[in-house]
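S.K.: input-v7.tsv is reproduced in full below (TSV, C-alpha atoms and all ligand atoms).
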```tsv
chain	number	residue	atom	x	y	z
A	264	MET	CA	-69.18	51.65	-58.03
A	265	ARG	CA	-68.58	52.71	-54.46
A	266	SER	CA	-65.23	50.93	-54.32
A	267	LEU	CA	-64.23	52.66	-57.57
A	268	LEU	CA	-65.12	56.02	-56.06
A	269	ASN	CA	-63.29	55.05	-52.90
A	270	ARG	CA	-60.16	54.44	-54.90
A	271	PHE	CA	-60.61	57.63	-56.89
A	272	TYR	CA	-61.00	59.81	-53.80
A	273	LYS	CA	-58.39	57.99	-51.78
A	274	LEU	CA	-56.05	60.95	-51.98
A	275	TYR	CA	-58.64	63.25	-50.47
A	276	GLN	CA	-60.00	60.75	-48.05
A	277	PHE	CA	-59.10	61.70	-44.52
A	278	THR	CA	-61.71	59.54	-42.81
A	279	ASN	CA	-64.40	56.98	-43.52
A	280	TRP	CA	-66.66	57.31	-46.51
A	281	ASP	CA	-69.92	57.76	-44.60
A	282	ALA	CA	-68.56	60.83	-42.83
A	283	LEU	CA	-67.44	62.33	-46.13
A	284	CYS	CA	-70.94	61.77	-47.54
A	285	LYS	CA	-72.50	64.04	-44.94
A	286	PRO	CA	-73.58	67.45	-46.23
A	287	LYS	CA	-71.07	70.28	-45.94
A	288	SER	CA	-73.47	72.14	-43.66
A	289	VAL	CA	-72.92	69.53	-40.96
A	290	GLY	CA	-69.18	69.13	-41.43
A	291	GLY	CA	-69.01	66.52	-44.21
A	292	LEU	CA	-67.66	66.99	-47.70
A	293	GLY	CA	-71.01	66.57	-49.45
A	294	PHE	CA	-70.05	63.48	-51.47
A	295	LYS	CA	-73.01	61.52	-52.86
A	296	ASN	CA	-74.21	58.56	-50.83
A	297	LEU	CA	-74.74	56.13	-53.69
A	298	VAL	CA	-77.06	53.81	-51.79
A	299	PHE	CA	-79.43	56.71	-51.08
A	300	PHE	CA	-79.04	58.03	-54.56
A	301	ASN	CA	-79.98	54.66	-56.01
A	302	LYS	CA	-83.06	54.45	-53.80
A	303	ALA	CA	-84.14	57.93	-54.86
A	304	LEU	CA	-83.72	56.95	-58.53
A	305	LEU	CA	-85.83	53.81	-58.06
A	306	ALA	CA	-88.49	55.85	-56.31
A	307	LYS	CA	-88.65	58.01	-59.43
A	308	GLN	CA	-89.81	54.92	-61.35
A	309	ILE	CA	-92.63	54.43	-58.85
A	310	SER	CA	-93.64	58.08	-59.07
A	311	ARG	CA	-93.80	57.72	-62.88
A	312	LEU	CA	-95.99	54.63	-62.60
A	313	LEU	CA	-98.33	56.66	-60.41
A	314	SER	CA	-98.36	59.84	-62.47
A	315	GLN	CA	-98.54	58.12	-65.88
A	316	PRO	CA	-100.81	55.09	-65.35
A	317	SER	CA	-101.46	54.73	-69.08
A	318	CYS	CA	-97.84	54.18	-70.12
A	319	PRO	CA	-97.09	50.63	-71.36
A	320	LEU	CA	-94.78	49.74	-68.44
A	321	ALA	CA	-97.40	50.85	-65.89
A	322	LYS	CA	-100.03	48.73	-67.65
A	323	ILE	CA	-97.83	45.64	-67.75
A	324	LEU	CA	-96.85	45.91	-64.08
A	325	LYS	CA	-100.43	46.53	-63.05
A	326	ALA	CA	-101.62	43.46	-64.97
A	327	ARG	CA	-98.89	41.34	-63.43
A	328	TYR	CA	-98.77	42.51	-59.80
A	329	TYR	CA	-101.85	44.52	-58.79
A	330	PRO	CA	-104.73	44.10	-61.29
A	331	PHE	CA	-107.40	45.23	-58.78
A	332	SER	CA	-105.58	48.01	-56.88
A	333	ASP	CA	-102.80	50.54	-57.35
A	334	ILE	CA	-99.08	50.15	-56.85
A	335	LEU	CA	-99.16	51.68	-53.37
A	336	SER	CA	-101.62	49.15	-52.02
A	337	ALA	CA	-100.27	46.12	-53.92
A	338	LYS	CA	-99.19	43.25	-51.67
A	339	ILE	CA	-96.12	42.51	-53.78
A	340	GLY	CA	-94.58	44.41	-56.60
A	341	PRO	CA	-91.48	45.99	-58.01
A	342	TYR	CA	-89.04	47.95	-55.85
A	343	PRO	CA	-90.84	47.51	-52.51
A	344	TYR	CA	-88.46	49.85	-50.68
A	345	ALA	CA	-88.86	52.58	-53.30
A	346	ARG	CA	-92.63	52.19	-53.08
A	347	ASP	CA	-92.51	52.90	-49.36
A	348	LEU	CA	-90.50	56.05	-49.98
A	349	ILE	CA	-93.13	57.34	-52.37
A	350	ALA	CA	-95.99	56.36	-50.08
A	351	ASP	CA	-94.38	58.37	-47.27
A	352	GLY	CA	-93.85	61.45	-49.42
A	353	ILE	CA	-97.10	61.88	-51.28
A	354	LEU	CA	-100.24	63.76	-50.38
A	355	TRP	CA	-103.63	64.00	-51.99
A	356	ARG	CA	-104.44	67.43	-53.27
A	357	ILE	CA	-108.19	67.44	-52.96
A	358	GLY	CA	-110.12	68.61	-55.98
A	359	ASN	CA	-113.67	67.38	-56.56
A	360	GLY	CA	-113.16	64.39	-54.28
A	361	ALA	CA	-114.11	61.87	-56.97
A	362	SER	CA	-110.85	59.96	-57.29
A	363	LEU	CA	-109.92	59.67	-53.65
A	364	PRO	CA	-109.18	56.14	-52.46
A	365	ARG	CA	-111.83	54.43	-50.40
A	366	ALA	CA	-111.58	54.27	-46.63
A	367	GLY	CA	-109.80	51.11	-45.63
A	368	ASN	CA	-106.99	51.58	-48.07
A	369	ASN	CA	-104.01	50.47	-46.06
A	370	ARG	CA	-101.75	53.33	-47.11
A	371	VAL	CA	-103.91	56.40	-47.27
A	372	LEU	CA	-106.05	57.24	-44.30
A	373	VAL	CA	-109.26	58.75	-45.60
A	374	GLN	CA	-111.96	59.88	-43.27
A	375	ASN	CA	-115.21	61.41	-44.33
A	376	ILE	CA	-114.47	64.14	-46.76
A	377	ASN	CA	-116.96	66.92	-46.71
A	378	PRO	CA	-117.66	68.08	-50.27
A	379	ASN	CA	-118.07	71.64	-48.94
A	380	TRP	CA	-114.38	71.78	-48.18
A	381	THR	CA	-113.50	71.63	-51.81
A	382	THR	CA	-113.31	75.04	-53.35
A	383	ALA	CA	-112.00	74.08	-56.77
A	384	LYS	CA	-113.64	71.86	-59.28
A	385	SER	CA	-110.28	70.43	-60.41
A	386	GLU	CA	-109.48	66.76	-60.16
A	387	ASP	CA	-107.92	65.15	-57.12
A	388	MET	CA	-104.23	64.75	-57.53
A	389	LEU	CA	-101.32	63.03	-55.83
A	390	VAL	CA	-98.58	65.53	-55.07
A	391	TRP	CA	-95.04	65.14	-53.76
A	392	LYS	CA	-94.77	66.99	-50.47
A	393	HIS	CA	-90.99	67.49	-50.44
A	394	GLU	CA	-90.84	69.68	-53.54
A	395	GLY	CA	-92.51	73.05	-54.07
A	396	THR	CA	-93.66	72.09	-57.56
A	397	GLY	CA	-95.40	68.99	-56.21
A	398	GLU	CA	-93.50	66.86	-58.72
A	399	TYR	CA	-91.22	64.10	-57.52
A	400	SER	CA	-87.51	64.84	-57.86
A	401	VAL	CA	-84.53	62.61	-57.09
A	402	LYS	CA	-82.81	65.55	-55.41
A	403	SER	CA	-85.62	66.12	-52.92
A	404	GLU	CA	-85.89	62.43	-52.01
A	405	TYR	CA	-82.12	62.23	-51.56
A	406	ARG	CA	-82.35	65.19	-49.19
A	407	VAL	CA	-85.08	63.46	-47.19
A	408	LEU	CA	-83.02	60.26	-46.86
A	409	VAL	CA	-79.91	62.14	-45.70
A	410	ALA	CA	-81.96	64.14	-43.18
A	411	GLU	CA	-83.44	60.92	-41.76
A	412	LEU	CA	-79.99	59.40	-41.44
A	413	LEU	CA	-78.67	62.43	-39.57
A	414	GLN	CA	-81.68	62.38	-37.28
A	415	ASN	CA	-81.39	58.67	-36.49
A	416	SER	CA	-77.62	58.51	-36.06
A	417	ASN	CA	-77.50	61.34	-33.46
A	418	TYR	CA	-74.77	62.86	-35.56
A	419	THR	CA	-73.57	66.02	-33.86
A	420	SER	CA	-73.22	68.91	-36.22
A	421	SER	CA	-69.65	70.07	-36.57
A	422	ASN	CA	-67.38	71.70	-39.09
A	423	ARG	CA	-64.68	70.47	-41.43
A	424	LEU	CA	-61.94	71.90	-39.26
A	425	PHE	CA	-63.21	69.96	-36.22
A	426	ASN	CA	-63.58	66.79	-38.28
A	427	ASN	CA	-60.02	67.13	-39.56
A	428	PHE	CA	-61.20	67.26	-43.20
A	429	LEU	CA	-59.20	70.32	-44.17
A	430	SER	CA	-56.31	69.90	-46.57
A	431	HIS	CA	-53.79	71.40	-44.15
A	432	SER	CA	-50.10	70.51	-44.26
A	433	CYS	CA	-50.24	67.56	-41.83
A	434	ASN	CA	-53.06	65.90	-43.74
A	435	LEU	CA	-51.32	66.50	-47.06
A	436	PHE	CA	-48.09	65.14	-45.63
A	437	GLN	CA	-49.85	61.95	-44.54
A	438	ARG	CA	-51.09	61.51	-48.13
A	439	THR	CA	-47.54	62.20	-49.40
A	440	LEU	CA	-48.89	65.23	-51.24
A	441	ARG	CA	-46.64	67.70	-49.49
A	442	VAL	CA	-43.26	67.69	-47.79
A	443	GLU	CA	-43.54	70.93	-45.80
A	444	VAL	CA	-45.48	70.40	-42.55
A	445	ASN	CA	-44.91	73.72	-40.80
A	446	CYS	CA	-47.58	76.40	-40.74
A	447	PRO	CA	-46.95	78.76	-43.68
A	448	LEU	CA	-48.07	81.72	-41.53
A	449	CYS	CA	-45.98	81.46	-38.37
A	450	LYS	CA	-43.55	78.78	-39.60
A	451	ALA	CA	-43.14	77.87	-35.93
A	452	ALA	CA	-45.13	74.67	-35.53
A	453	LEU	CA	-46.83	71.78	-37.28
A	454	GLU	CA	-49.91	72.87	-39.16
A	455	ASP	CA	-52.76	70.64	-38.02
A	456	SER	CA	-56.40	71.27	-37.08
A	457	ASP	CA	-55.50	72.28	-33.53
A	458	HIS	CA	-52.91	74.73	-34.76
A	459	LEU	CA	-55.27	76.31	-37.29
A	460	LEU	CA	-58.09	76.50	-34.80
A	461	TRP	CA	-56.21	77.66	-31.79
A	462	SER	CA	-52.48	77.70	-31.28
A	463	CYS	CA	-51.13	79.52	-34.36
A	464	GLY	CA	-49.19	82.51	-33.00
A	465	ILE	CA	-50.57	84.81	-35.67
A	466	LEU	CA	-54.14	83.88	-34.71
A	467	GLN	CA	-53.36	84.46	-31.03
A	468	GLN	CA	-51.92	87.89	-31.87
A	469	ILE	CA	-55.04	88.81	-33.84
A	470	TRP	CA	-57.29	87.75	-30.97
A	471	ALA	CA	-55.13	89.66	-28.50
A	472	SER	CA	-55.38	92.83	-30.60
A	473	LEU	CA	-59.15	92.35	-30.89
A	474	GLN	CA	-59.25	91.92	-27.09
A	475	ILE	CA	-61.10	88.64	-27.29
A	476	LYS	CA	-61.25	86.95	-23.90
A	477	ILE	CA	-59.49	83.60	-24.13
A	478	ALA	CA	-60.35	80.59	-21.98
A	479	PRO	CA	-57.69	79.95	-19.29
A	480	ASP	CA	-55.15	77.22	-19.91
A	481	ASP	CA	-55.88	74.38	-17.47
A	482	CYS	CA	-53.24	72.05	-19.02
A	483	ILE	CA	-55.84	69.30	-19.40
A	484	SER	CA	-58.18	70.61	-22.07
A	485	SER	CA	-57.32	70.06	-25.70
A	486	CYS	CA	-57.09	72.96	-28.13
A	487	LYS	CA	-60.56	72.15	-29.42
A	488	ILE	CA	-62.13	72.27	-25.96
A	489	ARG	CA	-60.38	75.57	-25.18
A	490	PHE	CA	-61.63	76.92	-28.49
A	491	VAL	CA	-65.19	75.83	-27.71
A	492	THR	CA	-64.97	77.38	-24.25
A	493	THR	CA	-63.58	80.64	-25.65
A	494	PHE	CA	-66.29	80.70	-28.28
A	495	SER	CA	-69.10	80.02	-25.85
A	496	ILE	CA	-68.05	82.72	-23.34
A	497	ALA	CA	-67.72	85.30	-26.13
A	498	ASP	CA	-70.60	87.67	-26.87
A	499	TYR	CA	-72.32	87.78	-30.25
A	500	GLN	CA	-69.94	90.34	-31.78
A	501	ASN	CA	-66.80	88.57	-30.58
A	502	ARG	CA	-68.08	85.26	-31.94
A	503	GLN	CA	-68.32	86.91	-35.30
A	504	LEU	CA	-64.78	88.26	-34.95
A	505	ILE	CA	-63.45	84.81	-33.98
A	506	ALA	CA	-65.12	83.18	-36.98
A	507	ILE	CA	-63.97	85.89	-39.38
A	508	SER	CA	-60.38	85.85	-38.14
A	509	ILE	CA	-60.12	82.07	-38.58
A	510	TRP	CA	-61.57	82.35	-42.05
A	511	ALA	CA	-59.24	85.24	-42.98
A	512	LEU	CA	-56.23	83.34	-41.66
A	513	TRP	CA	-57.11	80.29	-43.76
A	514	TYR	CA	-57.59	82.52	-46.81
A	515	ARG	CA	-54.24	84.25	-46.24
A	516	ARG	CA	-52.56	80.90	-45.59
A	517	ASN	CA	-53.87	79.49	-48.89
A	518	ASN	CA	-52.60	82.51	-50.80
A	519	LEU	CA	-49.22	82.20	-49.09
A	520	SER	CA	-48.79	78.52	-49.80
A	521	GLN	CA	-49.77	79.05	-53.44
A	522	GLU	CA	-47.23	81.85	-53.74
A	523	ASN	CA	-44.59	79.60	-52.18
A	524	LEU	CA	-45.37	76.84	-54.64
A	525	GLY	CA	-45.04	79.35	-57.47
A	526	VAL	CA	-41.70	80.66	-56.25
A	527	SER	CA	-40.22	77.23	-55.66
A	528	TYR	CA	-41.30	76.23	-59.15
A	529	ARG	CA	-39.66	79.29	-60.64
A	530	SER	CA	-36.51	78.80	-58.61
A	531	LEU	CA	-36.04	75.51	-60.41
A	532	SER	CA	-35.89	77.33	-63.71
A	533	THR	CA	-34.84	80.94	-64.03
A	534	GLU	CA	-35.67	82.88	-60.94
A	535	LEU	CA	-32.37	84.72	-60.85
A	536	TRP	CA	-30.82	86.91	-63.44
A	537	ASN	CA	-27.66	85.32	-64.83
A	538	PRO	CA	-24.89	87.04	-66.78
A	539	PRO	CA	-24.35	85.88	-70.39
A	540	VAL	CA	-21.53	83.54	-71.40
A	541	ILE	CA	-18.17	85.09	-72.29
A	542	GLY	CA	-18.22	87.05	-75.55
A	543	PHE	CA	-21.96	87.75	-75.39
A	544	ILE	CA	-23.81	90.85	-74.26
A	545	LYS	CA	-27.14	90.45	-72.52
A	546	ILE	CA	-29.76	93.06	-73.25
A	547	ASN	CA	-32.63	93.49	-70.77
A	548	PHE	CA	-35.34	95.97	-71.49
A	549	ASP	CA	-38.86	96.89	-70.58
A	550	ALA	CA	-41.55	99.33	-71.65
A	551	THR	CA	-44.32	101.17	-69.85
A	552	PHE	CA	-47.32	102.55	-71.68
A	553	GLN	CA	-49.45	105.53	-70.59
A	554	ILE	CA	-52.82	105.27	-72.15
A	555	ASP	CA	-53.84	108.93	-71.45
A	556	SER	CA	-50.87	110.54	-73.15
A	557	ARG	CA	-50.36	107.67	-75.62
A	558	THR	CA	-46.67	107.69	-74.77
A	559	SER	CA	-44.36	104.90	-73.75
A	560	THR	CA	-41.03	104.78	-71.97
A	561	THR	CA	-38.45	102.18	-72.80
A	562	THR	CA	-35.39	101.27	-70.80
A	563	VAL	CA	-32.54	99.19	-72.20
A	564	LEU	CA	-29.77	97.69	-70.08
A	565	ALA	CA	-26.70	95.94	-71.48
A	566	SER	CA	-24.54	93.65	-69.31
A	567	ASP	CA	-21.41	91.62	-70.01
A	568	SER	CA	-20.37	88.16	-68.86
A	569	GLU	CA	-19.05	89.64	-65.59
A	570	GLY	CA	-22.52	90.97	-64.82
A	571	GLU	CA	-21.30	94.57	-65.25
A	572	VAL	CA	-23.68	97.05	-66.84
A	573	VAL	CA	-21.91	98.25	-69.98
A	574	GLY	CA	-24.62	100.56	-71.27
A	575	ALA	CA	-28.11	101.84	-70.47
A	576	GLU	CA	-30.60	104.13	-72.13
A	577	THR	CA	-34.14	105.36	-71.67
A	578	TYR	CA	-36.36	106.48	-74.56
A	579	LEU	CA	-39.66	108.23	-74.76
A	580	PHE	CA	-42.00	107.32	-77.61
A	581	GLU	CA	-44.97	109.44	-78.58
A	582	ASP	CA	-48.17	108.53	-80.44
A	583	VAL	CA	-48.07	104.90	-79.40
A	584	VAL	CA	-51.29	103.02	-80.23
A	585	ASP	CA	-51.30	100.45	-77.41
A	586	ALA	CA	-49.18	98.50	-74.93
A	587	PHE	CA	-48.53	95.77	-77.48
A	588	VAL	CA	-46.98	98.27	-79.92
A	589	ALA	CA	-45.03	99.82	-77.04
A	590	GLU	CA	-43.46	96.42	-76.28
A	591	ALA	CA	-42.55	95.85	-79.94
A	592	ARG	CA	-41.02	99.34	-80.17
A	593	ALA	CA	-38.97	98.51	-77.08
A	594	TYR	CA	-37.51	95.42	-78.80
A	595	GLU	CA	-36.69	97.53	-81.85
A	596	ARG	CA	-35.08	100.17	-79.63
A	597	ALA	CA	-33.00	97.55	-77.82
A	598	ILE	CA	-31.58	96.28	-81.11
A	599	LEU	CA	-30.85	99.83	-82.34
A	600	PHE	CA	-29.09	100.54	-79.04
A	601	ALA	CA	-26.93	97.40	-79.43
A	602	ILE	CA	-25.94	98.47	-82.95
A	603	LYS	CA	-25.01	101.94	-81.68
A	604	MET	CA	-22.87	100.37	-78.93
A	605	GLY	CA	-21.13	98.14	-81.45
A	606	PHE	CA	-22.07	94.82	-79.80
A	607	ARG	CA	-21.68	91.77	-82.03
A	608	ARG	CA	-23.23	88.85	-80.16
A	609	LEU	CA	-26.48	89.41	-78.32
A	610	LEU	CA	-28.83	87.66	-75.94
A	611	VAL	CA	-32.05	89.68	-75.71
A	612	GLU	CA	-34.23	89.11	-72.64
A	613	GLY	CA	-37.75	90.51	-72.47
A	614	ASP	CA	-40.93	89.72	-70.57
A	615	SER	CA	-43.35	89.79	-73.50
A	616	PRO	CA	-43.85	86.19	-74.68
A	617	SER	CA	-46.08	87.07	-77.65
A	618	ILE	CA	-43.49	89.35	-79.27
A	619	ILE	CA	-40.66	86.87	-78.70
A	620	LYS	CA	-42.82	84.27	-80.39
A	621	LYS	CA	-43.32	86.58	-83.37
A	622	LEU	CA	-39.57	87.26	-83.57
A	623	LYS	CA	-38.74	83.57	-83.49
A	624	THR	CA	-41.34	82.64	-86.12
A	625	LYS	CA	-40.07	83.41	-89.57
A	626	GLY	CA	-43.46	83.20	-91.30
A	627	GLU	CA	-45.79	85.96	-92.54
A	628	ASP	CA	-47.10	88.31	-89.82
A	629	ARG	CA	-50.63	89.73	-90.31
A	630	SER	CA	-50.72	91.87	-87.16
A	631	ILE	CA	-50.25	95.62	-86.78
A	632	LEU	CA	-46.74	94.86	-85.56
A	633	ARG	CA	-45.63	93.62	-88.94
A	634	PRO	CA	-43.59	96.76	-89.96
A	635	ILE	CA	-41.74	96.76	-86.61
A	636	ILE	CA	-41.01	93.03	-86.71
A	637	GLN	CA	-39.76	93.30	-90.29
A	638	HIS	CA	-37.50	96.21	-89.32
A	639	ILE	CA	-36.06	94.19	-86.40
A	640	ARG	CA	-35.30	91.31	-88.80
A	641	ILE	CA	-33.34	93.66	-91.07
A	642	LEU	CA	-31.46	95.09	-88.07
A	643	GLU	CA	-30.54	91.55	-86.91
A	644	ASN	CA	-28.25	91.29	-89.97
A	645	SER	CA	-25.84	93.72	-88.26
A	646	PHE	CA	-24.93	91.08	-85.66
A	647	GLY	CA	-22.99	87.86	-85.70
A	648	ASN	CA	-25.50	86.24	-83.38
A	649	VAL	CA	-28.85	87.30	-81.84
A	650	SER	CA	-31.09	85.13	-79.70
A	651	TYR	CA	-34.25	85.99	-77.78
A	652	LEU	CA	-35.27	84.67	-74.41
A	653	PHE	CA	-38.46	85.13	-72.44
A	654	VAL	CA	-37.95	85.89	-68.75
A	655	PRO	CA	-40.62	86.49	-66.10
A	656	ARG	CA	-41.04	90.09	-64.97
A	657	LEU	CA	-39.50	89.12	-61.61
A	658	VAL	CA	-36.16	88.40	-63.33
A	659	ASN	CA	-36.47	91.46	-65.54
A	660	ALA	CA	-37.02	93.56	-62.41
A	661	VAL	CA	-34.15	96.04	-62.90
A	662	ALA	CA	-35.20	97.00	-66.43
A	663	HIS	CA	-38.81	97.14	-65.28
A	664	SER	CA	-38.13	99.50	-62.38
A	665	LEU	CA	-35.91	101.71	-64.55
A	666	ALA	CA	-38.71	101.98	-67.10
A	667	LEU	CA	-41.13	102.96	-64.31
A	668	GLU	CA	-38.60	105.51	-63.04
A	669	GLY	CA	-38.16	106.88	-66.59
A	670	ARG	CA	-41.90	107.43	-66.80
A	671	LYS	CA	-41.83	109.78	-63.81
A	672	ARG	CA	-39.19	112.07	-65.31
A	701	ZN	ZN	-49.16	79.10	-37.49
```
What does the file become when written as structure tokens?
Ligand SMILES: [Zn+2]

M.R.:
Amino acid sequence: MRSLLNRFYKLYQFTNWDALCKPKSVGGLGFKNLVFFNKALLAKQISRLLSQPSCPLAKILKARYYPFSDILSAKIGPYPYARDLIADGILWRIGNGASLPRAGNNRVLVQNINPNWTTAKSEDMLVWKHEGTGEYSVKSEYRVLVAELLQNSNYTSSNRLFNNFLSHSCNLFQRTLRVEVNCPLCKAALEDSDHLLWSCGILQQIWASLQIKIAPDDCISSCKIRFVTTFSIADYQNRQLIAISIWALWYRRNNLSQENLGVSYRSLSTELWNPPVIGFIKINFDATFQIDSRTSTTTVLASDSEGEVVGAETYLFEDVVDAFVAEARAYERAILFAIKMGFRRLLVEGDSPSIIKKLKTKGEDRSILRPIIQHIRILENSFGNVSYLFVPRLVNAVAHSLALEGRKR
């Protein structure tokens, strides 16, 4: 199972598995430690045997392994390790004192119990000390095991940036998940943990403007040591500023790299406006809708194969129901404009995918747009050739800004 998981997470794995299994609060990635998880699950079986002694499995095991005692004091028995875990985590909640184990029990130390201590007449009960409800839970035992491991291994608490667990460009490059290795913010150097933590020019500028006192450069210390020194000489408020600026930089950097991915993806397809082929006219248009006045403005631009604008118009519609209708009216207006101009072969580009879909589908339309769509279909008969193309708003920018301009006037 662990090797399967290892293979599955290989892409994300920047270090050994045990370090990744540490909780996020101490600089790990919080992956489940399956050995611990398995132990905690086995311990659940023991806790069931204790809390439900009359169930068939409990009876069989008792008859076989510990006929004269209980599972905690049995010399041999099932899941010995799990039994120890339970023994360490349970407490007696004293009720009437009747069911408490006798002194001499090798697992529970019972001294003289004074009956006057007991205030309730309820029964004595074994409770699980690591959970507020007193009931055993796998989660709580797992937590105990991880805490013990951290205590025993002298693991120094750190963060993901220090442990080099962040998915920055250098790490992604090593996993062949990215080709760009430069910092998306300053574009001046390799983006690795040291750069993000310390040397990024943008970060240095922010700290300079916040007047944070920076540890002197002694040419020997690494970026991490200089960071630690800077952090430890800072007062409480500056420490907060340092932490917040690193966080904000990482946030900004993630937004930037996502934007870049988006742009490079678009540039592969249709980022730029292209003129139509010879003999065709390209119509670009856009609509804006003002909900208060229920009006919409439509701008239509016509260009030829040279890229020259051969006609443009702006219309104002009144009593428009919603933005969807405004878009459909804009398509209708664009076709009417092309008829008026006497164009014969058209390529119509708009940024409303749902209306283009409706125009391309020849079936029955049940929406409120049906009269407009039907009218456009009739108008299409005036042309030798009409085709519709969806373009992102970025490409339709000229028509979009003209429509916005038209709204102001
Ligand atoms: Zn940088």

S.K.: Using all atoms listed in the file, find each residue of chain A with at least one atom at most 8 Å away from an atom of ligand ZN 701 (chain A); report its shortest atom-to-atom pair and that distance in Å (one decimal), sort the rows by chain and rising residue number, and return the result as CSV.

M.R.:
```
residue,atom,partner,partner_atom,distance
A:Asn445,CA,A:ZN701,ZN,7.6
A:Cys446,CA,A:ZN701,ZN,4.5
A:Pro447,CA,A:ZN701,ZN,6.6
A:Leu448,CA,A:ZN701,ZN,4.9
A:Cys449,CA,A:ZN701,ZN,4.1
A:Lys450,CA,A:ZN701,ZN,6.0
A:Ala451,CA,A:ZN701,ZN,6.3
A:Ala452,CA,A:ZN701,ZN,6.3
A:Leu453,CA,A:ZN701,ZN,7.7
A:Glu454,CA,A:ZN701,ZN,6.5
A:His458,CA,A:ZN701,ZN,6.4
A:Leu459,CA,A:ZN701,ZN,6.7
A:Ser462,CA,A:ZN701,ZN,7.2
A:Cys463,CA,A:ZN701,ZN,3.7
A:Gly464,CA,A:ZN701,ZN,5.6
A:Ile465,CA,A:ZN701,ZN,6.2
A:Leu466,CA,A:ZN701,ZN,7.4
```

S.K.: Set the distance at 9 Å and use only C-alpha atoms: which residues neighbour segment 384-394 of chain A once local chain neighbours fewer than 5 positions away are removed? I'd like the list as a ChimeraX atom specification.

M.R.: /A:310,313-314,349,352-363,399-400,403-404,407

S.K.: Can you work out the spacing between atom CA of Leu504 of chain A and atom CA of Leu435 of chain A in Å, to one decimal?

M.R.: 28.3 Å

S.K.: Report the distance between atom CA of Ile631 of chain A and atom CA of Asp582 of chain A in Å, rounded to one decimal place.

M.R.: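 Separation between atom CA of Ile631 of chain A and atom CA of Asp582 of chain A: 14.5 Å.
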
S.K.: What is the distance between atom CA of Asp549 of chain A and atom CA of Phe646 of chain A, in Å to one decimal?

M.R.: 21.3 Å

S.K.: Rank nothing, just name the residue among A:Gln308, A:Ser288, A:Asn434, A:Asn517 nearest to Leu324 of chain A, using only C-alpha atoms.

M.R.: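 For Leu324 of chain A, the nearest of the candidates is A:Gln308.
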
S.K.: Taking only C-alpha atoms into account, which of A:Arg656, A:Lys402, A:Lys325, A:Lys295 comes nearest Ala282 of chain A?

M.R.: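 Closest to Ala282 of chain A, using only C-alpha atoms: A:Lys295.
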